[in-house]
Amino acid sequence: MSKCVEALRKDEVDALLHNSYVWSYVLQKPSYIDLHVQPTTMLSIGFRVGALDTPKNQALIEKLNEGIAMISDTQRQAVILDYTSRKLYKYDVQDYLYADRYVFIMCAIVIVLVALHFLAKQQQLKKRTNNQIRQMIDYDSLTGALSMAGFREKVKELLLENPSTPYIISYNNIKNFKFINDKMGINSADELLCFWVEKSLEYFSDKEAMARIYADQFAVLCCLPDDNGFEAMETNVFKPVKEYYINQGNDYEVQICSGLYVLTPEDYKNINVDKMLDCARLAEKKAHLSVTGGYEVYNVDQWEAGRLLSDICGHFSTAVKQNEIKVWYQPQVNYRTGEIIGAEALCRWNHEKLGWLSPGQFIPMLEQTGLIYDLDCLVWEIVCKDIHRWNEQGFKRSISVNLSRFDIEKNKNISKHFKNLIEKYDIEPSQLRIEITESAYAEDNELLLETTAQLQDIGFEVEMDDFGSGYSSLNMLTEIPVDGIKLDYVFLKNTKNFEKSKIVVKHILQMLRNLNYKYIAEGVETKEHADFLIAIDCERMQGFYFYKPMPVEEFEILDFDNINNRPH
């Protein structure tokens, strides 16, 4: 029968024919609930009752016959089926599974959920156990500071996350700690150590770390502080520790000895915590020899460089808000006609603490800390504002601005940034010439080629800056589709081989003309240089011989038509 039903469901047969008694039995199977009987001919099924041949039983049989005769034949057959064949069917295992499948599915789901819950609990327990073990390994049980193992890992993590942050590692201990143990007691000495850690952790940020190396010896990784930072650390950490017993009524000042090691760029590349600590410990030993303790620095030159880096980069955002950073302009001239044809935008910084800073000081530091893009964005914004103001005054001027590889790496869609600027200030692309250094093209050719093409599509002129500064490759002139070349006048500064330098410059200019490049010579410092350049048909120049970089107020009052009226 199962094969017959399977054939019916596959449409291999049109119908199955059997007597209703058999179908009544078969269709009690739960999985056949979708099948229905279509009767064609009702077959008579006899029903007999046996009883003793007595008057009483004969009367009973007659009453039964009368009752049966009162119902239809179909009803009679149904009654016979209900109380005969349908009572004979017994479920097998598959029938129970099919009939109660939803119950079984719910039970299975419950079992799976219970199992998952159990596994989750096991995982939590395992994780909690591992964390406890890790806690025991990475942290000091007495003070809560990091252990040496934990300190190594934390230092590596912080240096990788903050590669531009100037850090120092200090090695610290208490002078005559054995005396404190003997005089004040071990418990009191332990409380002192815990107090030291507590005050330190309250002061340090999450970018810093502290560890207890052994007994009273502590290591600290912290951001290189400036003078104010040292005063704050002394007030909030060291002074309370030094006066710990004095505040308890004992006439004893705790003496702390510290050795400081300023991390070098190499330390960020090859992180060796033990080596750094060894250097700090050497400085600490020197401090330990002094009468009052204090601190000593392992690498003084690096210390001063780090302090300067902190003073410059840490103050940058404040400098922007206080307008300490100014845009100056160095005019570019046509020596043949005597006209000012444009200018290059440069920046100057009047630091509130350090005074006027040379670009050679702060530009490399901002590059190191990733702030150069913010500076360049500020310069571009100010230049566009100035050009817009000059346009409204009726003066059409063209300004060159610098675009570095750091800017392009920071903003992959830098061309859109420039497009937004000229739209914001309603200036023409030709009024903002973009200079990209030759060295940048040499370092990341593909990225800069793409950026150059995008800028040119918008309408900007792109110049290769500092051509001839040491990275020159003649092949670059054929590969890089710039609009102009800014020739570094380093050749003519070579007084020992001046004649040879003049020959080199002459042939470079001839080559640029043959390649249909615009060009300008920068760094022109003497009349001899200017006269030589004009003699070899280089009329566009920039340099101290004509003008030094000047504030915008001085630039605006220049006589743009006659450079012979320039101030000397």
# chains A, B, ... in the order shown; residues from 1 in each chain; ligands from 1

$ residues_around --residues "Ile180 (chain A)" --least-positions-apart "3" --cutoff "12 Å" --atoms "only C-alpha atoms" --output "list in words"
Ile174, Lys175, Asn176, Phe177, Lys183, Met184, Gly185, Ile186, Asn187, Ser188, Ala189, Asp190, Glu191, Leu192, Leu193, Asp216, Tyr244, Tyr245, Asn250, Tyr252, Glu253, Val254 and Gln255 of chain A

$ write_last_selection --atoms "N, CA and C atoms" --output "mmCIF file, in the first residue's frame"
data_model
loop_
_atom_site.group_PDB
_atom_site.id
_atom_site.type_symbol
_atom_site.label_atom_id
_atom_site.label_comp_id
_atom_site.auth_asym_id
_atom_site.auth_seq_id
_atom_site.Cartn_x
_atom_site.Cartn_y
_atom_site.Cartn_z
ATOM 1 N N ILE A 174 62.083 54.137 45.830
ATOM 2 C CA ILE A 174 62.149 54.943 47.056
ATOM 3 C C ILE A 174 63.510 54.747 47.695
ATOM 4 N N LYS A 175 64.135 55.856 47.980
ATOM 5 C CA LYS A 175 65.451 55.798 48.604
ATOM 6 C C LYS A 175 65.304 55.366 50.064
ATOM 7 N N ASN A 176 66.133 54.427 50.470
ATOM 8 C CA ASN A 176 66.120 53.905 51.844
ATOM 9 C C ASN A 176 64.773 53.259 52.201
ATOM 10 N N PHE A 177 64.254 52.471 51.279
ATOM 11 C CA PHE A 177 62.969 51.818 51.535
ATOM 12 C C PHE A 177 63.087 50.805 52.681
ATOM 13 N N LYS A 183 61.377 50.979 60.268
ATOM 14 C CA LYS A 183 60.889 51.987 61.208
ATOM 15 C C LYS A 183 59.362 52.041 61.264
ATOM 16 N N MET A 184 58.722 52.026 60.070
ATOM 17 C CA MET A 184 57.272 52.197 60.002
ATOM 18 C C MET A 184 56.513 50.872 60.014
ATOM 19 N N GLY A 185 57.221 49.795 59.691
ATOM 20 C CA GLY A 185 56.567 48.492 59.634
ATOM 21 C C GLY A 185 56.231 48.092 58.208
ATOM 22 N N ILE A 186 56.181 46.793 57.980
ATOM 23 C CA ILE A 186 55.926 46.289 56.625
ATOM 24 C C ILE A 186 54.539 46.709 56.134
ATOM 25 N N ASN A 187 53.558 46.632 57.011
ATOM 26 C CA ASN A 187 52.195 47.004 56.602
ATOM 27 C C ASN A 187 52.120 48.467 56.166
ATOM 28 N N SER A 188 52.780 49.325 56.914
ATOM 29 C CA SER A 188 52.779 50.748 56.576
ATOM 30 C C SER A 188 53.508 50.990 55.259
ATOM 31 N N ALA A 189 54.603 50.270 55.051
ATOM 32 C CA ALA A 189 55.356 50.410 53.797
ATOM 33 C C ALA A 189 54.499 49.958 52.617
ATOM 34 N N ASP A 190 53.760 48.860 52.816
ATOM 35 C CA ASP A 190 52.864 48.391 51.741
ATOM 36 C C ASP A 190 51.774 49.417 51.446
ATOM 37 N N GLU A 191 51.258 50.044 52.494
ATOM 38 C CA GLU A 191 50.236 51.073 52.307
ATOM 39 C C GLU A 191 50.801 52.262 51.535
ATOM 40 N N LEU A 192 52.070 52.591 51.771
ATOM 41 C CA LEU A 192 52.728 53.670 51.032
ATOM 42 C C LEU A 192 52.787 53.336 49.539
ATOM 43 N N LEU A 193 53.169 52.096 49.228
ATOM 44 C CA LEU A 193 53.256 51.684 47.827
ATOM 45 C C LEU A 193 51.877 51.746 47.157
ATOM 46 N N ASP A 216 59.866 48.192 45.918
ATOM 47 C CA ASP A 216 59.499 49.609 45.803
ATOM 48 C C ASP A 216 59.868 50.184 44.441
ATOM 49 N N TYR A 244 53.709 61.642 52.553
ATOM 50 C CA TYR A 244 52.768 60.631 53.046
ATOM 51 C C TYR A 244 52.863 60.488 54.570
ATOM 52 N N TYR A 245 54.080 60.356 55.092
ATOM 53 C CA TYR A 245 54.234 60.171 56.547
ATOM 54 C C TYR A 245 54.136 61.493 57.304
ATOM 55 N N ASN A 250 54.271 62.032 61.190
ATOM 56 C CA ASN A 250 55.657 61.587 61.354
ATOM 57 C C ASN A 250 56.581 62.541 60.602
ATOM 58 N N TYR A 252 59.032 62.580 58.596
ATOM 59 C CA TYR A 252 59.879 61.844 57.651
ATOM 60 C C TYR A 252 59.350 62.072 56.239
ATOM 61 N N GLU A 253 60.220 62.565 55.357
ATOM 62 C CA GLU A 253 59.853 62.784 53.962
ATOM 63 C C GLU A 253 60.378 61.640 53.109
ATOM 64 N N VAL A 254 59.512 61.075 52.301
ATOM 65 C CA VAL A 254 59.887 59.984 51.399
ATOM 66 C C VAL A 254 60.672 60.559 50.223
ATOM 67 N N GLN A 255 61.827 59.959 49.957
ATOM 68 C CA GLN A 255 62.659 60.419 48.839
ATOM 69 C C GLN A 255 62.498 59.456 47.655
#

$ residues_around --residues "Gln368 (chain A)" --least-positions-apart "2" --cutoff "12 Å" --atoms "only C-alpha atoms" --output "ChimeraX atom specification"
/A:162-166,265,306,309-310,312-313,361-366,370-373,406

$ write_last_selection --atoms "C-alpha atoms" --output "compact mmCIF listing (two decimals), in the first residue's frame"
# COMPACT_ATOMS: atom_id res chain seq x y z
CA ASN A 162 50.01 56.08 19.30
CA PRO A 163 53.07 56.12 17.01
CA SER A 164 53.16 59.93 16.86
CA THR A 165 52.90 60.56 20.62
CA PRO A 166 56.22 61.45 22.29
CA PRO A 265 61.90 56.91 16.56
CA GLY A 306 60.83 65.53 22.54
CA LEU A 309 57.87 68.29 19.72
CA SER A 310 55.42 68.38 22.61
CA ILE A 312 54.85 72.54 19.04
CA CYS A 313 52.40 69.74 18.28
CA GLN A 361 61.26 73.48 12.69
CA PHE A 362 57.53 72.90 12.81
CA ILE A 363 56.77 71.41 9.37
CA PRO A 364 58.77 68.16 9.93
CA MET A 365 57.26 67.80 13.41
CA LEU A 366 53.71 68.24 12.14
CA GLY A 370 50.16 63.57 11.32
CA LEU A 371 49.06 67.21 11.78
CA ILE A 372 50.48 68.53 8.52
CA TYR A 373 47.17 67.95 6.70
CA PHE A 406 50.89 63.38 3.50

$ residues_around --residues "region 336-346 of chain A" --least-positions-apart "5" --cutoff "7 Å" --atoms "only C-alpha atoms" --output "PyMOL selection string"
chain A and resi 327-331+397-401+539+560-564

$ write_last_selection --atoms "C-alpha atoms" --output "tab-separated table (two decimals), in the first residue's frame"
chain	number	residue	atom	x	y	z
A	327	VAL	CA	49.89	82.90	5.72
A	328	TRP	CA	52.69	84.92	4.13
A	329	TYR	CA	53.22	85.46	0.41
A	330	GLN	CA	56.44	85.45	-1.61
A	331	PRO	CA	55.86	87.25	-4.93
A	397	ARG	CA	45.75	87.25	-8.64
A	398	SER	CA	47.16	83.73	-8.92
A	399	ILE	CA	48.61	82.01	-5.87
A	400	SER	CA	50.62	78.78	-5.61
A	401	VAL	CA	49.92	76.44	-2.68
A	539	GLU	CA	61.90	85.12	-17.34
A	560	PHE	CA	52.41	94.72	-9.20
A	561	ASP	CA	53.32	96.48	-12.47
A	562	ASN	CA	56.87	97.51	-11.66
A	563	ILE	CA	59.15	95.37	-9.50
A	564	ASN	CA	61.84	98.08	-9.72

$ select_by_dssp --residues "region 331-568 of chain A" --states "strand (DSSP E)" --output "VMD selection string"
chain A and resid 331 to 334 339 to 351 355 to 357 399 to 403 432 to 437 462 to 467 484 to 488 518 to 522 540 to 542 550 to 551

$ closest_residue --among "A:Tyr547, A:Trp390, A:Tyr102, A:Phe460" --to "Tyr425 (chain A)" --atoms "only C-alpha atoms"
A:Trp390

$ atom_distance --atom1 "CA of His315 (chain A)" --atom2 "CA of Lys156 (chain A)"
26.3 Å

$ select_by_dssp --residues "region 70-107 of chain A" --states "helix (DSSP H, G or I)" --output "PyMOL selection string"
chain A and resi 73-82+85-87+93-99+101-107

$ closest_residue --among "A:Cys377, A:Ile382, A:Val155, A:Cys223" --to "Asn272 (chain A)" --atoms "only C-alpha atoms"
A:Val155

$ atom_distance --atom1 "CA of Leu487 (chain A)" --atom2 "CA of Ile520 (chain A)"
6.1 Å

$ closest_residue --among "A:Leu477, A:Ala69, A:Glu202, A:Gln94" --to "Asn514 (chain A)" --atoms "only C-alpha atoms"
A:Leu477

$ atom_distance --atom1 "CA of Gln28 (chain A)" --atom2 "CA of Met70 (chain A)"
28.8 Å

$ closest_residue --among "A:Met233, A:Cys222, A:Ala115, A:Leu558" --to "Tyr203 (chain A)" --atoms "only C-alpha atoms"
A:Met233

$ residues_around --residues "Tyr441 (chain A)" --least-positions-apart "6" --cutoff "9 Å" --atoms "only C-alpha atoms" --output "PDB file with C-alpha atoms, in the first residue's frame"
ATOM      1  CA  ARG A 405      52.055  63.308  -0.151  1.00  0.00           C
ATOM      2  CA  LEU A 447      48.756  57.718  -6.274  1.00  0.00           C
ATOM      3  CA  LEU A 448      50.086  61.127  -7.282  1.00  0.00           C
ATOM      4  CA  LEU A 449      49.536  60.507 -10.982  1.00  0.00           C
ATOM      5  CA  MET A 464      56.243  69.889  -9.913  1.00  0.00           C
ATOM      6  CA  MET A 476      59.640  61.491 -14.595  1.00  0.00           C
ATOM      7  CA  ILE A 480      54.074  62.706 -15.037  1.00  0.00           C
TER       8      ILE A 480
END
